[in-house]
Structures are given as C-alpha cells and as structure tokens.
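Chemist: Attaching a single structure in structure tokens format; questions to follow.
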Amino acid sequence: MMILQQLQARLVVAATMVGWLAAPALSGDERNLHPLAESYVKLVLAVGLHDSDYVDAYYGPPMWREEVEMTKPTLAAIRQRAEALRAALAAGNFSAADEMVQMRHRYLDRQLAALEARVAMLEGTRFTFDEESQRLYDAVAPTYGEAHFQGLLAQLENALPGEGTVTQRLEKFRRDFVIPPERIDTVFQAAIAEARARTGRHLSLPEGENFTVEYVKDKPWSAYNWYRGNFQSLIQVNTSLPIFIERAIDLACHEGYPGHHVYNVLLEQHLVRARGWLEFTVYPLFSPQSLIAEGTGNFGIVVAFPGEERIAYARDVLFPLAGLDPARAAEYARVLSLTKQLNFAGNEAARRYLDGELTAEAAADWLNRYALMEPARAKQRIGFIEKYRSYVINYNLGERMVEHYIESRVAGDTARRWALFGELISTPRLPSDLK
Ligand SMILES: [Zn+2]
C-alpha cells in the first residue's frame with residue numbers, strides 16, 4: 001500500500017514534468033479545465049522561446065515561465081504536447097455547461113489549433129495566405145480584383161483634383177493635417193483623456209487602471225500596446241513618419257480606450273481575477289484572439305466617437321491644439337472616409353506578395369497605387385507584412401466582423417452598442433462566433 005502510494009506520487013510528478021498533461025476524462029465542470037489551461041499557458045510560453053514575437057503579454061505565475069525556460073521544449077515536443085492537450089480537451093463533455101464555460105472550452109481548442117499552425121510554420125511549413133489566416137486567426141479575408149480598387153480610385157480622383165497620381169495628390173492634400181512634432185504629446189493626451197472619459201461613462205473599469213505613452217522610432221508598426229498585467233499598459237507610438245491629426249483619436253481608442261488596453265483590463269478583471277481562468281494571463285499574438293483584439297480596437301473608435309461626434313471633437317479640440325485650421329476638419333474627414341474603402345487593398349498586396357505572385361517592389365507599388373501609401377509608408381508596410389504576414393487581416397476584416405456582429409444586434413442604439421461591445425471584450429468569443 002505504502003509502496004503503491006509512493007509510486008503513484010512519483011508517476012504524478014513525472015507526468016507533470018514531462019508532459020504537463022491532465023487526465024483525459026473530463027466532466028463539464030469548469031474547474032476541470034484549469035489544469036488544461038495551465039498546460040496551454042506553458043505551451044504558449046514554450047513557443048515564445050522559439051519565436052520572439054509570439055508572446056505579446058504574460059502576467060501569470062512567474063514559476064510557469066521559469067519552468068518552461070528551464071526545460072526548453074523543442075518544437076517537436078511542443079507539437080506533441082499540443083496534440084495531446086487538444087485530445088484531452090476533446091474528451092471533455094461540456095454540452096451541459098453554461099455558455100461561458102462552453103466558450104472557454106472551444107477557445108482553448110481554437111487557440112491551441114493556431115499554436116499548432118504557428119509551430120508548423122516555425123518548422124518550415126508554408127501555408128497559402130488564406131490557409132494561414134484561417135488557421136491562425138479563424139477567418140479568411142475576402143478577395144478583391146484590381147477592377148474593384150480602380151473603381152474606388154476613380155471616385156477619389158474627382159474628390160482630389162490636381163496634378164499627379166491620386167496617391168501624390170492625397171499626400172499633398174494631407175500635408176496640411178500633420179501634427180507638428182512638438183505638439184504630438186499634447187494632442188494625444190487630450191484625445192486619450194476624452195476617449196477614457198467616454199469609455200468610463202459606459203463601461204465599469206477597475207480602479208487604478210492606467211497606461212503610459214512612449215514615443216519611439218524605426219518600428220514596423222505605427223503604435224503598439226504592451227499589456228503588463230495589474231491593469232497597466234505601455235503604449236508605444238512610432239514617430240518615424242509624420243503623424244496625421246486623425247491618428248490622435250485612432251490611437252487613443254484603438255490602443256487605449258475602449259481598445260486594447262480596456263480589452264486586456266476587462267479580461268484580467270472578469271476572467272483571470274473573477275474566475276481564475278489563467279489562460280488569459282498569456283496572449284499569443286498569432287492566434288484568433290488577435291482578430292478580436294484588432295477588430296474591437298478599430299471598431300472601438302466608432303463606439304467611442306459615433307457618427308458626427310468624431311469630426312466635431314477633432315474640429316473643436318484637436319485641430320486647435322495641433323495648430324491646424326478647424327474650418328477644414330469636415331473636408332478632411334470626407335476625403336478620409338473615401339480612402340478608408342481602399343483599405344482592403346493592403347490585404348491584397350500582402351496576399352499576393354506572400355503567395356509569391358508579387359515581388360516586394362511590385363507589392364510596394366500596389367500599396368502605393370491602391371492603398372494610397374506614399375513610398376516611405378509603403379516600405380514600412382512591406383516590413384510589417386514580412387514580419388507579421390497574414391496578421392494584416394485582423395485590422396480591417398476584424399473591424400468588419402465586429403461591426404457586423406454588434407450593429408446587427410443594437411439597431412444604432414448607443415447604450416446597447418457600448419453594452420454589447422463591453423460584453424464582447426470580456427468574454428472568450430472567437431472570430432467564427434461573430435455571426
Ligand atoms: Zn492593434
């Protein structure tokens with residue numbers, strides 16, 4: 001008896017060290033998912049040892065990270081553990097559990113499937129652009145031909161009379177709307193304070209939540225939110241290229257309120273702290289979670305500044321703070337709304353470039369012509385596409401999916417829009433749930 005107990009204890013220790021695997025027979029009790037969630041977190045951290053962009057945030061138990069760093073599993077070992085973990089998840093029956101627990105169960109499975117795909121990519125597998133986005137982000141972006149973008153360009157030609165290509169005319173027109181570098185922080189801080197106040201009127205945020213803003217240069221992105229846990233974020237803004245006035249509200253909302261910062265804060269508050277779902281202390285960048293994060297980040301701009309409110313606030317507060325002419329705010333907004341329809345041209349450039357149909361130069365040229373990016377911006381974008389690949393769909397397709405999910409349910413009602421938005425960013429909903 002004594003010997004058997006010791007043996008059992010030793011077996012448990014061995015299983016924990018070797019495989020991080022829990023027993024496969026699961027009932028629909030959410031506590032049964034805790035050890036599987038722990039294994040998932042460790043697998044994400046382990047992939048992070050092979051891919052420095054993979055772990056976007058981690059604020060879970062430091063011991064778990066130390067354990068992973070000490071054992072340093074190979075990609076093959078990670079793949080096997082992920083497969084075993086998904087099998088253990090599949091063995092559980094959660095059909096009678098409440099909706100949140102069912103979502104948690106499905107979420108872990110989809111996130112793990114994406115992890116497997118990323119591991120395969122690190123091992124050298126090349127998926128097509130659409131296969132990759134399906135596997136990593138649980139979504140495929142629509143395909144548009146050149147004729148689609150040519151039609152949209154023709155509309156812009158009329159709105160922007162003058163010499164040169166539409167991109168050159170747009171660039172010339174936009175020069176009057178650049179925030180002077182010495183005013184960037186003042187303008188951003190005002191936009192952040194306003195976005196925060198608007199968010200606070202509709203969503204209940206935990207006390208002490210906050211973020212700091214840092215200005216950096218020479219990054220492939222224009223801004224980045226780094227979540228630190230404990231309701232704190234660091235937001236970095238890339239000032240290598242001129243920053244246009246509309247970016248103040250964009251960044252304040254997308255990175256901050258009610259975008260990434262609030263998303264992470266609410267996940268920590270509602271899932272990690274209230275329920276003990278520790279899988280949300282880790283954020284694997286190349287996973288379905290990113291489509292929800294980027295989609296709600298972008299749609300959060302509309303949520304915080306619906307309809308004409310955005311133009312009004314920019315005109316009355318941000319234009320004067322930036323030293324720009326408020327009388328031109330409406331005209332500027334009109335041109336921008338036309339250019340926004342072209343933003344799927346960026347996906348097309350990425351798809352064709354990564355699928356080998358366009359060279360880097362030809363893809364930059366495509367971005368210049370159809371996504372209206374002047375050469376320096378197109379070059380920065382090519383750098384982003386090379387590094388983050390099909391991640392690009394998370395912004396515009398993500399926004400479209402989130403918008404559809406919310407607007408089809410709230411019928412234009414501001415309070416209901418906020419409520420549903422708040423619910424979406426506090427729950428483990430997947431892109432394929434956004435019907
Ligand atoms: Zn983002």
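Order determines the names: the first chain of the structure tokens is A, the second B, and so forth; residues in each chain are numbered 1 upward, and ligands are numbered 1 upward as they are shown.
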Enumerate as an NGL selection string the residues within 12 Å of ligand 1, counting only C-alpha atoms and all ligand atoms.
Modeler: :A and (56 or 221-227 or 235-237 or 250-261 or 263-264 or 285 or 289-301 or 391-396 or 398-399)
Chemist: Residues within 12 Å of Asp325 of chain A, please, as an NGL selection string. Count only C-alpha atoms; anything in the same chain fewer than 5 positions from it doesn't count.
Modeler: :A and (176-179 or 245 or 314-320 or 330-332)
Chemist: I need the residues from that last selection saved to file as a compact mmCIF listing (two decimals), in the first residue's frame (with C-alpha atoms), if you can.
Modeler:
```txt
# COMPACT_ATOMS: atom_id res chain seq x y z
CA ASP A 176 -1.91 70.42 -44.07
CA PHE A 177 -3.10 67.90 -41.47
CA VAL A 178 0.18 66.71 -39.99
CA ILE A 179 0.53 67.24 -36.23
CA ILE A 245 -4.36 64.52 -36.98
CA ALA A 314 -11.46 66.83 -33.81
CA ARG A 315 -12.59 70.20 -35.14
CA ASP A 316 -13.35 71.81 -31.78
CA VAL A 317 -10.49 70.44 -29.66
CA LEU A 318 -7.75 68.57 -31.53
CA PHE A 319 -7.33 70.82 -34.59
CA PRO A 320 -6.78 73.92 -32.40
CA ALA A 330 -15.11 68.33 -42.32
CA GLU A 331 -13.44 68.44 -45.74
CA TYR A 332 -10.56 66.33 -44.39
```
Chemist: Write out as a PyMOL selection string each polymer residue whose atoms come within 12 Å of Ser204 of chain A, counting only C-alpha atoms; drop sequence neighbours fewer than 5 positions from it.
Modeler: chain A and resi 196-199+209+258+262+265-266+269-270+418-419+422-423+426
Chemist: If we count only C-alpha atoms, what is near Arg310 of chain A at a cut-off of 10 Å, once residues fewer than 3 positions away on the same chain are taken out, given as number ranges by chain?
Modeler: A: 246, 249, 301-302, 304-307, 313-315, 333
Chemist: With C-alpha atoms retained, could you export that selection as an mmCIF file, in the first residue's frame?
Modeler:
```cif
data_model
loop_
_atom_site.group_PDB
_atom_site.id
_atom_site.type_symbol
_atom_site.label_atom_id
_atom_site.label_comp_id
_atom_site.auth_asym_id
_atom_site.auth_seq_id
_atom_site.Cartn_x
_atom_site.Cartn_y
_atom_site.Cartn_z
ATOM 1 C CA GLU A 246 -6.873 61.644 -37.289
ATOM 2 C CA ILE A 249 -8.392 59.652 -31.953
ATOM 3 C CA ILE A 301 -13.094 54.214 -32.485
ATOM 4 C CA VAL A 302 -16.671 54.195 -33.804
ATOM 5 C CA ALA A 304 -16.361 55.969 -28.598
ATOM 6 C CA PHE A 305 -16.943 58.589 -31.298
ATOM 7 C CA PRO A 306 -20.100 57.582 -33.201
ATOM 8 C CA GLY A 307 -21.423 59.429 -36.258
ATOM 9 C CA TYR A 313 -14.376 66.680 -31.371
ATOM 10 C CA ALA A 314 -11.456 66.828 -33.814
ATOM 11 C CA ARG A 315 -12.593 70.199 -35.139
ATOM 12 C CA ALA A 333 -12.935 63.783 -42.848
#
```
Chemist: Closest to Leu136 of chain A among A:Phe421, A:Phe149, A:Tyr370, A:Tyr388, using only C-alpha atoms?
Modeler: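 Between A:Phe421, A:Phe149, A:Tyr370, A:Tyr388, the residue approaching Leu136 of chain A most closely is A:Tyr388.
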Chemist: Mind giving me the straight-line distance from atom CA of Tyr58 of chain A to atom CA of Ala84 of chain A in Å, one decimal?
Modeler: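 These atoms are spaced 23.3 Å apart.
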Chemist: I need the residue nearest Phe286 of chain A from this list: A:Ser95, A:Ser390, A:Ser408, A:Ser39. Use only C-alpha atoms for the distance.
Modeler: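 Checking each of A:Ser95, A:Ser390, A:Ser408, A:Ser39 against Phe286 of chain A, counting only C-alpha atoms, the winner is A:Ser390.
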Chemist: Give me the residues near Gln150 of chain A as a PyMOL selection string, where near means some atom within 12 Å (using only C-alpha atoms) and where sequence neighbours in that chain fewer than 3 positions away do not count.
Modeler: chain A and resi 144-147+153-157+166+341-342+345+366+369-372
Chemist: Output C-alpha atoms for every residue in the selection just made, as a short mmCIF file (atom, residue, chain, number, x, y, z; two decimals), in the first residue's frame.
Modeler:
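What ended up in again_8.cif:
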```
data_model
loop_
_atom_site.label_atom_id
_atom_site.label_comp_id
_atom_site.auth_asym_id
_atom_site.auth_seq_id
_atom_site.Cartn_x
_atom_site.Cartn_y
_atom_site.Cartn_z
CA TYR A 144 -10.95 41.76 -54.49
CA GLY A 145 -9.60 42.16 -58.01
CA GLU A 146 -7.85 45.20 -59.40
CA ALA A 147 -11.09 46.45 -61.02
CA LEU A 153 -9.84 55.24 -57.11
CA ALA A 154 -11.94 56.90 -59.80
CA GLN A 155 -14.20 58.33 -57.06
CA LEU A 156 -11.17 59.75 -55.27
CA GLU A 157 -9.85 61.31 -58.49
CA VAL A 166 -4.16 60.09 -56.67
CA GLN A 341 -12.87 51.99 -48.58
CA LEU A 342 -9.50 51.22 -50.14
CA ALA A 345 -6.07 46.85 -50.93
CA TRP A 366 0.49 48.07 -55.41
CA ARG A 369 -1.32 52.81 -56.20
CA TYR A 370 -4.31 51.20 -54.47
CA ALA A 371 -3.74 51.66 -50.75
CA LEU A 372 -2.57 55.25 -51.39
#
```
Chemist: In segment 190-292 of chain A, what's strand (DSSP E or B) per DSSP? Answer as an NGL selection string?
Modeler: :A and (210-216 or 223-229 or 232-238 or 244 or 282-284)
Chemist: Atom CA of Leu45 of chain A to atom CA of Ile78 of chain A: how many Å, to one decimal?
Modeler: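 Separating atom CA of Leu45 of chain A from atom CA of Ile78 of chain A is a distance of 10.3 Å.
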Chemist: What does the distance between atom CA of Ala88 of chain A and atom CA of Leu75 of chain A come to in Å, to one decimal place?
Modeler: 19.8 Å
Chemist: Please report, as a VMD selection string, each residue of segment 53-114 of chain A to which DSSP assigns helix (DSSP H, G or I) when run on this structure's backbone.
Modeler: chain A and resid 62 to 71 75 to 90 99 to 114
Chemist: For Phe94 of chain A, list every protein, DNA or RNA residue within 8 Å, evaluated using only C-alpha atoms, and leave out those in the same chain fewer than 5 positions away; present the list as a list of chain:residue names.
Modeler: A:Ser27, A:Gly28, A:Asp29, A:Val101, A:Gln102, A:His105
Chemist: What are the closest atom pairs, with distances in Å to one decimal, for each residue of segment 184-297 of chain A lying within 9 Å of segment 112-134 of chain A, using only C-alpha atoms, rows by chain and rising residue number, as a Markdown table?
Modeler:
```
| residue | atom | partner | partner_atom | distance |
| --- | --- | --- | --- | --- |
| A:Pro284 | CA | A:Leu115 | CA | 8.2 |
| A:Phe286 | CA | A:Arg118 | CA | 7.2 |
| A:Ser287 | CA | A:Ala114 | CA | 5.5 |
| A:Pro288 | CA | A:Ala114 | CA | 7.3 |
```
Chemist: Can you tell me which residues surround Gly208 of chain A at a distance of at most 12 Å, considering only C-alpha atoms, apart from same-chain residues fewer than 3 positions away, and format the answer as JSON, numbers by chain?
Modeler: {"A": [205, 211, 229, 230, 231, 232, 233, 265, 269]}
Chemist: Could those residues be written to a file, using N, CA and C atoms, as an mmCIF file, in the first residue's frame?
Modeler:
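again.cif written:
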```
data_model
loop_
_atom_site.group_PDB
_atom_site.id
_atom_site.type_symbol
_atom_site.label_atom_id
_atom_site.label_comp_id
_atom_site.auth_asym_id
_atom_site.auth_seq_id
_atom_site.Cartn_x
_atom_site.Cartn_y
_atom_site.Cartn_z
ATOM 1 N N LEU A 205 -14.694 50.245 -15.295
ATOM 2 C CA LEU A 205 -13.285 49.848 -15.317
ATOM 3 C C LEU A 205 -12.760 49.756 -13.893
ATOM 4 N N PHE A 211 -2.336 53.624 -18.313
ATOM 5 C CA PHE A 211 -1.226 53.292 -19.201
ATOM 6 C C PHE A 211 -0.297 54.472 -19.376
ATOM 7 N N GLY A 229 -0.232 43.592 -17.174
ATOM 8 C CA GLY A 229 -0.948 42.988 -16.052
ATOM 9 C C GLY A 229 -1.191 44.025 -14.973
ATOM 10 N N ASN A 230 -1.999 43.635 -13.974
ATOM 11 C CA ASN A 230 -2.314 44.566 -12.901
ATOM 12 C C ASN A 230 -2.979 45.833 -13.439
ATOM 13 N N PHE A 231 -3.680 45.704 -14.555
ATOM 14 C CA PHE A 231 -4.454 46.781 -15.191
ATOM 15 C C PHE A 231 -3.594 47.912 -15.756
ATOM 16 N N GLN A 232 -2.331 47.595 -16.097
ATOM 17 C CA GLN A 232 -1.414 48.612 -16.637
ATOM 18 C C GLN A 232 -0.953 48.234 -18.051
ATOM 19 N N SER A 233 -0.862 49.247 -18.928
ATOM 20 C CA SER A 233 -0.302 49.034 -20.272
ATOM 21 C C SER A 233 0.803 50.047 -20.539
ATOM 22 N N VAL A 265 -7.603 44.795 -19.809
ATOM 23 C CA VAL A 265 -8.029 45.079 -18.432
ATOM 24 C C VAL A 265 -9.291 44.270 -18.085
ATOM 25 N N GLN A 269 -9.805 41.427 -15.329
ATOM 26 C CA GLN A 269 -10.784 41.617 -14.254
ATOM 27 C C GLN A 269 -11.834 40.488 -14.215
#
```
Chemist: I'd like to know which of A:Gly164, A:Glu407, A:Pro181, A:Val272 is closest to Asn238 of chain A, using only C-alpha atoms.
Modeler: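 Counting only C-alpha atoms, the residue closest to Asn238 of chain A is A:Pro181.
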Chemist: Would you please work out which residue, of A:Val213, A:Ala411, A:Leu49, A:Ala97, is nearest to Arg31 of chain A when using only C-alpha atoms?
Modeler: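 Ranked by minimum distance to Arg31 of chain A, first place goes to A:Ala97.
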